[in-house]
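Peer 1: Before we start, here is the structure in question, set down as structure tokens.
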Amino acid sequence: MSRAPCTVKCGCSSRSDQQEVLAPPRAWTQPRKDSTEAEPHGGRSGGIMTVFSPTLLLCAFGFSSSLRPFEPFITAFLLGPDKNLTETQVVNEIFPVWTYSYLALLFPVFLATDFLRYKPLLLLQAGSLVVTYVLLCRAGGLLATQLLEFTYGLATASEVAYYSYIYSVVEPERYKRVTGFCRGATLLGSAAGSLLGQLLFSVAEVPLLHLAFVTLASAAAAFLTACFLPTPGRSLFFHTGASAAAPGSSSPSEQMKGGREAMIPRSPEPRDGGTGPLEVLKMLFADFVRCYRRRPLLAWSVWWALSTCGYFQIINYIQALWEVIQPSGRLMIYNGYVETLATLLGALAALLVGCLPVSWSTWGELALAALSFLMAACVFLMDRLGNIWVCYGFYVLFRAVYMLLITVATFQIAANLSMQRYALVFGVNTFGALLLQTLLTLVVVDSAGLGLDINTQFLIYAAYFTAIAVVFLVAGLCGLLSKRISKTEEPTMEAQELSSSPDGTPCM
């Protein structure tokens, strides 16, 4: 399991929340033939109760699974007297296991989520968290700690089911409201967990081991809540129903506005109420090729994968840097307050995206370059200045900038997708980010690779974000130059057309 800071996404404050950012809601749409058919079984009041019950349970699940007062102090706990592990063991041998397991499990869990219709994966997520914290509280030694990192990776990969579930049990017109409820619940749980952990640790002087017990109880509550959730009858790919996946399904943003036809429609698929694994894989591959042929979507997706890889590395190893700057064994640490503030400011930054007077289609790549430079500067200053308060401040700024940009990327990508392709593209982007993170971890962090110390790692991460900024600066300048050339050529072509007669000969 890992230290601090999730998958829009939302200002997530822990590694568990990463999926909230990276895997936006997956949903299917069902064409509505008439008002009678659209009304839920049991009449209008019955439909409200049908929606209210799973929404309330899912919000309770999201809050309980995100309430983790222990997570801001995981590195301090592992390095402390309870586990007595060394910094090299924690940073170079234990934490990388989560990255490897998350990558290995993401795709099979993604398919299993749809095939098993969500609920079993919610149980798996909460159950994996319970096992993780039981091992954390009771087991000791390097191998046991690596095992709990694996179970935590399983829990993180299973989070894809959380945002998928609700869209299979509510009507399309309620998607936006229900999404807000679910995101709010996880955000509140994450912020409340960090704040509660800090208050218990610094004010009530509760031992860190007891914070692990509190987090275990919260995970157990999430497991019990998931037991009462109904199993949906339909899903996105394997259990589509007779009309659940029409080719004209609109994009998420369009669906909320009741609007226009999606720019990238679905590939044809069987309509017999179910689809085999081979057919699903063929359909996914065909849609993968179709989606990533579009340059705007490809550009935003590349930034998504590159920046999310670096973001994962920062939030996974920031506590180790804080421990070097201000060891928790000798001085009071305030990780919980910082995570709470970073979560709330990240959420605020995401909400302010709609207020920014920026034409992202024109200036998007240059904006990505400029703000990536800012993120690189934050990482560099965190590493070099050696002051814990400066490090805290630049960490909060780094998180806020990332949340702003990832929200913009989410909407820019979703605007070009049908609802069904929404899940595929964000899943591929997340997988790409994890693949890059695995390579970076293997080379830079893992003891089997270079096994660098934490300060050198952060210096490399600063250079990594600088490289991202340079790439998008060049791409943005080339794009502007290309548009400028196109505009200058248009009047010339119009003049040539006007100076020619209808038969193509010049006018005399």
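Convention: chains lettered A, B, ... in structure tokens order; per-chain residue numbering from 1; ligands numbered from 1 as shown.
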With a distance cut-off of 9 Å and only C-alpha atoms, select the neighbouring residues of segment 299-306 of chain A, excluding the residue or stretch itself and same-chain residues fewer than 5 positions from it, and output the selection as a short mmCIF file (atom, residue, chain, number, x, y, z; two decimals) with N, CA and C atoms, in the first residue's frame.
Peer 2:
data_model
loop_
_atom_site.label_atom_id
_atom_site.label_comp_id
_atom_site.auth_asym_id
_atom_site.auth_seq_id
_atom_site.Cartn_x
_atom_site.Cartn_y
_atom_site.Cartn_z
N LEU A 22 -8.49 8.71 -13.15
CA LEU A 22 -8.05 8.16 -14.42
C LEU A 22 -9.11 7.38 -15.14
N TYR A 292 -7.96 6.49 -31.97
CA TYR A 292 -6.64 7.12 -31.88
C TYR A 292 -6.12 7.60 -33.24
N ARG A 294 -7.54 10.11 -34.63
CA ARG A 294 -7.83 11.54 -34.55
C ARG A 294 -6.72 12.25 -33.79
N TYR A 311 2.77 11.89 -12.25
CA TYR A 311 1.94 12.20 -11.08
C TYR A 311 1.89 11.03 -10.12
N GLY A 364 -4.48 24.71 -26.44
CA GLY A 364 -4.36 23.60 -25.49
C GLY A 364 -2.94 23.09 -25.33
N GLU A 365 -2.25 22.85 -26.44
CA GLU A 365 -0.91 22.26 -26.35
C GLU A 365 0.09 23.22 -25.70
N LEU A 368 -0.68 23.23 -22.01
CA LEU A 368 -0.10 22.02 -21.41
C LEU A 368 1.40 22.18 -21.20
N LEU A 405 -5.49 20.39 -15.15
CA LEU A 405 -5.18 19.92 -16.50
C LEU A 405 -5.85 18.58 -16.81
N ILE A 406 -5.90 17.69 -15.85
CA ILE A 406 -6.49 16.38 -16.12
C ILE A 406 -8.00 16.51 -16.33
N ALA A 409 -8.29 17.72 -19.89
CA ALA A 409 -8.04 16.58 -20.78
C ALA A 409 -9.23 15.64 -20.83
N THR A 410 -9.87 15.43 -19.69
CA THR A 410 -11.03 14.55 -19.64
C THR A 410 -12.13 15.03 -20.57
N GLN A 412 -11.89 17.28 -23.06
CA GLN A 412 -11.43 17.36 -24.44
C GLN A 412 -11.48 15.99 -25.12
N ILE A 413 -11.13 14.97 -24.38
CA ILE A 413 -11.17 13.61 -24.94
C ILE A 413 -12.60 13.12 -25.06
N VAL A 425 -11.14 4.35 -24.20
CA VAL A 425 -10.03 5.31 -24.34
C VAL A 425 -9.42 5.64 -22.99
N PHE A 426 -10.25 5.87 -21.99
CA PHE A 426 -9.70 6.17 -20.68
C PHE A 426 -9.00 4.95 -20.08
N VAL A 428 -7.39 2.68 -21.90
CA VAL A 428 -6.12 2.59 -22.62
C VAL A 428 -5.14 3.65 -22.11
N ASN A 429 -5.63 4.87 -21.88
CA ASN A 429 -4.76 5.93 -21.36
C ASN A 429 -4.20 5.58 -19.99
N THR A 430 -5.05 5.02 -19.15
CA THR A 430 -4.60 4.61 -17.82
C THR A 430 -3.57 3.49 -17.92
N PHE A 431 -3.83 2.54 -18.81
CA PHE A 431 -2.88 1.45 -18.99
C PHE A 431 -1.55 1.98 -19.51
N GLY A 432 -1.60 2.94 -20.44
CA GLY A 432 -0.37 3.54 -20.93
C GLY A 432 0.40 4.24 -19.83
N ALA A 433 -0.32 4.96 -18.96
CA ALA A 433 0.34 5.64 -17.85
C ALA A 433 1.00 4.63 -16.91
N LEU A 434 0.31 3.55 -16.64
CA LEU A 434 0.87 2.52 -15.75
C LEU A 434 2.06 1.81 -16.38
N LEU A 436 4.18 3.14 -18.55
CA LEU A 436 5.31 4.08 -18.43
C LEU A 436 5.81 4.14 -16.99
N GLN A 437 4.87 4.15 -16.03
CA GLN A 437 5.28 4.20 -14.63
C GLN A 437 6.06 2.95 -14.24
N PHE A 465 9.09 15.92 -16.24
CA PHE A 465 8.03 16.88 -16.55
C PHE A 465 8.54 17.99 -17.46
N ILE A 468 8.26 16.63 -20.93
CA ILE A 468 6.87 16.69 -21.39
C ILE A 468 6.53 18.10 -21.87
N PHE A 472 5.40 19.32 -25.80
CA PHE A 472 4.13 19.99 -26.14
C PHE A 472 4.34 21.44 -26.54
#
Peer 1: Would you list the contacts of Tyr152 of chain A as a short mmCIF file (atom, residue, chain, number, x, y, z; two decimals) with C-alpha atoms, in the first residue's frame, taking every protein, DNA or RNA residue within 8 Å and counting only C-alpha atoms, but skipping same-chain residues closer than 6 positions in sequence?
Peer 2:
data_model
loop_
_atom_site.label_atom_id
_atom_site.label_comp_id
_atom_site.auth_asym_id
_atom_site.auth_seq_id
_atom_site.Cartn_x
_atom_site.Cartn_y
_atom_site.Cartn_z
CA MET A 1 0.00 0.00 0.00
CA TRP A 98 2.08 -1.85 -6.11
CA SER A 128 -8.71 -6.61 -0.82
CA LEU A 129 -8.56 -3.50 1.33
CA THR A 132 -4.30 -5.31 3.06
#
Peer 1: Out of A:Ile314, A:Ala320, A:Leu103, A:Cys59, which residue has the shortest atom-to-atom distance to Phe380 of chain A when counting only C-alpha atoms?
Peer 2: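 Smallest distance to Phe380 of chain A is found for A:Ile314.
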Peer 1: Hey, which of A:Tyr402, A:Trp389, A:Tyr100, A:Phe312 ends up closest to Thr343 of chain A? Count only C-alpha atoms.
Peer 2: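 Answer, going by the shortest atom-to-atom distance: A:Tyr402.
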Peer 1: Can you pull out the residues contacting Thr113 of chain A? Cut-off 6 Å, using only C-alpha atoms, and skip same-chain residues under 5 positions away; I want them as an NGL selection string.
Peer 2: :A and (118 or 121 or 161)
Peer 1: Can you pull out every residue within 12 Å of Pro327 of chain A, counting only C-alpha atoms, but drop anything in the same chain fewer than 2 positions away, and send it as a ChimeraX atom specification?
Peer 2: /A:73,75-77,79-80,87,319-325,329-335,388
Peer 1: Which residues come within 6 Å of segment 190-201 of chain A, counting only C-alpha atoms, excluding same-chain residues fewer than 4 positions away, as a ChimeraX atom specification?
Peer 2: /A:66-69,205-206,336-337,340
Peer 1: What would the file look like if the residues just selected were written as a compact mmCIF listing (two decimals), in the first residue's frame with N, CA and C atoms?
Peer 2:
# COMPACT_ATOMS: atom_id res chain seq x y z
N SER A 66 -12.98 5.21 0.87
CA SER A 66 -12.03 6.31 0.73
C SER A 66 -11.59 6.89 2.07
N LEU A 67 -12.29 6.54 3.14
CA LEU A 67 -11.95 7.05 4.47
C LEU A 67 -10.76 6.26 5.02
N ARG A 68 -9.56 6.80 4.83
CA ARG A 68 -8.34 6.08 5.20
C ARG A 68 -7.41 7.00 5.99
N PRO A 69 -7.69 7.19 7.26
CA PRO A 69 -6.86 8.10 8.07
C PRO A 69 -5.41 7.66 8.20
N GLU A 205 -2.85 12.23 19.94
CA GLU A 205 -1.64 11.42 20.12
C GLU A 205 -1.93 9.92 20.06
N VAL A 206 -2.77 9.55 19.10
CA VAL A 206 -3.10 8.15 18.86
C VAL A 206 -1.95 7.49 18.10
N GLY A 336 -1.27 14.76 7.09
CA GLY A 336 -2.72 14.69 6.95
C GLY A 336 -3.34 16.02 6.58
N TYR A 337 -2.88 17.11 7.23
CA TYR A 337 -3.38 18.43 6.88
C TYR A 337 -3.05 18.76 5.43
N THR A 340 -5.28 16.85 3.04
CA THR A 340 -6.63 17.41 3.05
C THR A 340 -6.70 18.67 2.21
Peer 1: With 12 Å as the cut-off and only C-alpha atoms counted, what is the closest atom pair between each nearby residue of segment 72-130 of chain A and segment 163-185 of chain A? Distances in Å to one decimal, ordered by chain and number, as a tab-separated table.
Peer 2:
residue	atom	partner	partner_atom	distance
A:Phe110	CA	A:Ser164	CA	10.2
A:Leu111	CA	A:Ser164	CA	11.9
A:Thr113	CA	A:Ser164	CA	8.4
A:Asp114	CA	A:Ser164	CA	8.4
A:Leu116	CA	A:Tyr165	CA	11.0
A:Arg117	CA	A:Tyr165	CA	7.7
A:Tyr118	CA	A:Tyr165	CA	5.6
A:Lys119	CA	A:Tyr165	CA	7.3
A:Pro120	CA	A:Tyr165	CA	10.6
A:Leu121	CA	A:Tyr165	CA	9.7
A:Leu122	CA	A:Tyr165	CA	8.8
Peer 1: For the selection you just gave me, I'd like the residues written to a file as a PDB file, in the first residue's frame, keeping C-alpha atoms.
Peer 2:
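Done, and the output landed in out_39.pdb:
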ATOM      1  CA  PHE A 110     -11.408  -4.311 -16.515  1.00  0.00           C
ATOM      2  CA  LEU A 111     -12.880  -7.203 -18.521  1.00  0.00           C
ATOM      3  CA  THR A 113     -15.787  -6.013 -14.152  1.00  0.00           C
ATOM      4  CA  ASP A 114     -18.032  -5.966 -17.196  1.00  0.00           C
ATOM      5  CA  LEU A 116     -19.353 -10.227 -13.856  1.00  0.00           C
ATOM      6  CA  ARG A 117     -21.522  -7.085 -13.837  1.00  0.00           C
ATOM      7  CA  TYR A 118     -19.708  -4.900 -11.347  1.00  0.00           C
ATOM      8  CA  LYS A 119     -20.891  -6.056  -7.911  1.00  0.00           C
ATOM      9  CA  PRO A 120     -18.373  -8.919  -7.464  1.00  0.00           C
ATOM     10  CA  LEU A 121     -15.573  -6.455  -8.235  1.00  0.00           C
ATOM     11  CA  LEU A 122     -16.867  -4.022  -5.630  1.00  0.00           C
TER      12      LEU A 122
END
Peer 1: Restricting the calculation to only C-alpha atoms: of A:Phe228, A:Phe458, A:Phe61, A:Phe70, which residue gets closest to Arg384 of chain A?
Peer 2: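 Using only C-alpha atoms, the shortest distance to Arg384 of chain A belongs to A:Phe458.
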Peer 1: For the atom pair atom CA of Asn316 of chain A and atom CA of Leu78 of chain A, what is the interatomic distance in Å to one decimal place?
Peer 2: 14.0 Å
